[in-house]
Amino acid sequence: MRFGGTTALSGVDLAVARGERVAVVGASGAGKSTLLGVLDGSVTPTAGEVRVHGVDPTSLRGRELRRLRGRTGSVRQSLDLPGQLRVVHNVNAGRLGSWSAARAAWSLVRPQGTAEVGAALHRLGLADRMYERTDRLSGGQRQRVAVARVLLQRPELVLADEPASALDPALADTVLAVLGELAAERGGALVACLHDPALALRHCDRVVGLDSGRVVLDAPADSLTATALERFYGVTR
Ligand SMILES: Nc1ncnc2c1ncn2[C@@H]1O[C@H](COP(=O)(O)OP(=O)(O)OP(=O)(O)O)[C@@H](O)[C@H]1O
Ligand SMILES: [Mg+2]
């Protein structure tokens with residue numbers, strides 16, 4: 001995968017099976033977000049082949065492509081949360097794909113499905129923030145709103161790009177546990193970029209290490225130690 005003169009990913013051969021929780025680790029610029037972008041379809045690889053849910057996304061158009069994309073849910077590094085919207089609307093955005101246009105429009109006037117939104121926010125320690133403007137929240141609170149949105153989407157493949165980077169250790173554990181349960185609920189998989197090796201080992205079954213766009217490690221989590229990962233990648237907590 002090249003961006004102009006930069007090779008972001010090279011020779012990556014990776015298969016993620018249902019039921020797996022995969023941590024992607026590596027230094028800044030190693031290609032972690034690019035890898036997730038290739039999986040969620042926001043980045044089209046300049047070479048090579050990608051199959052998501054067994055299908056090549058470039059072979060699909062229109063409704064079929066939207067349906068395939070709906071089976072993958074992302075918590076992006078940039079979060080992509082319109083700040084002027086109230087939390088409830090950003091969380092409900094996760095299920096717009098399953099709502100009619102009329103229901104989606106009406107929900108902006110009178111929020112729909114607030115019981116599910118409230119339950120998701122409660123799991124993430126944000127129960128009292130449902131009607132707050134999103135741009136009034138702290139970075140860690142916004143990160144959890146993005147997690148709540150993917151909870152309501154209920155995808156099979158959950159992609160999370162440093163979903164706990166702004167959270168204290170207890171909340172980081174909560175978020176990773178919730179994302180793992182979400183993937184398991186639909187018999188799917190979790191792929192999470194994590195820069196905290198201990199968190200990766202606690203919540204994932206497999207660790208993939210990237211260095212300058214190449215896979216330099218692909219091992220079961222129980223065969224690794226946090227110290228070994230830290231030293232090897234120069235990743236900092
Ligand atoms: N849209 C883009 N245009 C140009 N170059 C890009 C683009 N996206 C990523 N790159 C380059 O690709 C390389 C990998 O970037 P990527 O965002 O995947 O790294 P990362 O491992 O996620 O880093 P970080 O830990 O800082 O988030 C970097 O050298 C980056 O500059
Ligand atoms: Mg990144």
# chains A, B, ... in the order shown; residues from 1 in each chain; ligands from 1
>>> closest_atom_pairs(of="chain A", to="ligand 2", cutoff="12 Å", atoms="only C-alpha atoms and all ligand atoms", output="Markdown table")
| residue | atom | partner | partner_atom_place_in_ligand_line | distance |
| --- | --- | --- | --- | --- |
| A:Ala8 | CA | ligand 2 | 1 (Mg) | 11.1 |
| A:Val24 | CA | ligand 2 | 1 (Mg) | 10.2 |
| A:Val25 | CA | ligand 2 | 1 (Mg) | 10.0 |
| A:Gly26 | CA | ligand 2 | 1 (Mg) | 9.5 |
| A:Ala27 | CA | ligand 2 | 1 (Mg) | 9.2 |
| A:Ser28 | CA | ligand 2 | 1 (Mg) | 6.8 |
| A:Gly29 | CA | ligand 2 | 1 (Mg) | 6.8 |
| A:Ala30 | CA | ligand 2 | 1 (Mg) | 8.1 |
| A:Gly31 | CA | ligand 2 | 1 (Mg) | 6.9 |
| A:Lys32 | CA | ligand 2 | 1 (Mg) | 5.4 |
| A:Ser33 | CA | ligand 2 | 1 (Mg) | 4.0 |
| A:Thr34 | CA | ligand 2 | 1 (Mg) | 7.2 |
| A:Leu35 | CA | ligand 2 | 1 (Mg) | 9.1 |
| A:Leu36 | CA | ligand 2 | 1 (Mg) | 8.9 |
| A:Gly37 | CA | ligand 2 | 1 (Mg) | 9.8 |
| A:Val75 | CA | ligand 2 | 1 (Mg) | 11.6 |
| A:Arg76 | CA | ligand 2 | 1 (Mg) | 8.7 |
| A:Gln77 | CA | ligand 2 | 1 (Mg) | 6.4 |
| A:Ser78 | CA | ligand 2 | 1 (Mg) | 9.1 |
| A:Leu79 | CA | ligand 2 | 1 (Mg) | 11.7 |
| A:Ala160 | CA | ligand 2 | 1 (Mg) | 10.3 |
| A:Asp161 | CA | ligand 2 | 1 (Mg) | 6.6 |
| A:Glu162 | CA | ligand 2 | 1 (Mg) | 7.5 |
| A:Pro163 | CA | ligand 2 | 1 (Mg) | 10.7 |
| A:Ser165 | CA | ligand 2 | 1 (Mg) | 11.0 |
| A:Ala192 | CA | ligand 2 | 1 (Mg) | 10.7 |
| A:Cys193 | CA | ligand 2 | 1 (Mg) | 7.6 |
| A:Leu194 | CA | ligand 2 | 1 (Mg) | 9.4 |
| A:His195 | CA | ligand 2 | 1 (Mg) | 9.8 |
| A:Leu210 | CA | ligand 2 | 1 (Mg) | 11.5 |
| A:Gly213 | CA | ligand 2 | 1 (Mg) | 11.9 |
>>> residues_around(residues="Val175 in chain A", least_positions_apart="5", cutoff="8 Å", atoms="only C-alpha atoms", output="number ranges by chain")
A: 124, 144, 147, 163-164
>>> atom_distance(atom1="CA of Asp218 in chain A", atom2="CA of Pro45 in chain A")
21.3 Å
>>> closest_residue(among="A:Leu137, A:Leu121, A:Ala189, A:Leu108", to="Val91 in chain A", atoms="only C-alpha atoms")
A:Leu121
>>> residues_around(residues="Pro57 in chain A", least_positions_apart="4", cutoff="9 Å", atoms="only C-alpha atoms", output="VMD selection string")
chain A and resid 41 50 to 52 61 65 68 to 69
>>> closest_residue(among="A:Val43, A:Ala226, A:Leu126, A:Val16", to="ligand 1", atoms="only C-alpha atoms and all ligand atoms")
A:Val43
>>> closest_residue(among="A:Val215, A:Leu199, A:Leu96, A:Met130", to="ligand 1", atoms="only C-alpha atoms and all ligand atoms")
A:Val215
>>> residues_around(residues="Pro169 in chain A", least_positions_apart="3", cutoff="12 Å", atoms="only C-alpha atoms", output="compact mmCIF listing (two decimals) with C-alpha atoms, in the first residue's frame")
# COMPACT_ATOMS: atom_id res chain seq x y z
CA GLY A 140 -11.67 10.14 26.79
CA ALA A 164 -8.37 3.42 24.80
CA SER A 165 -5.52 5.88 24.17
CA ALA A 166 -7.18 8.68 26.19
CA ALA A 172 -9.30 1.12 29.08
CA ASP A 173 -10.03 -2.40 30.38
CA THR A 174 -13.79 -1.73 30.25
CA VAL A 175 -13.64 -0.52 26.64
CA LEU A 176 -11.54 -3.47 25.46
CA ASP A 196 -0.27 -0.51 25.51
CA ALA A 198 -0.23 -5.11 28.66
CA LEU A 199 -3.72 -4.17 27.47
CA ARG A 202 -5.01 -9.03 28.53
CA ARG A 237 2.72 3.41 27.68
>>> residues_around(residues="Ala93 in chain A", least_positions_apart="3", cutoff="9 Å", atoms="only C-alpha atoms", output="MDAnalysis selection string")
chainID A and resid 88:90 96:97 104 149:150 152:153
>>> select_by_dssp(residues="range 51-134 of chain A", states="alpha helix (DSSP H)", output="count of residues only")
34
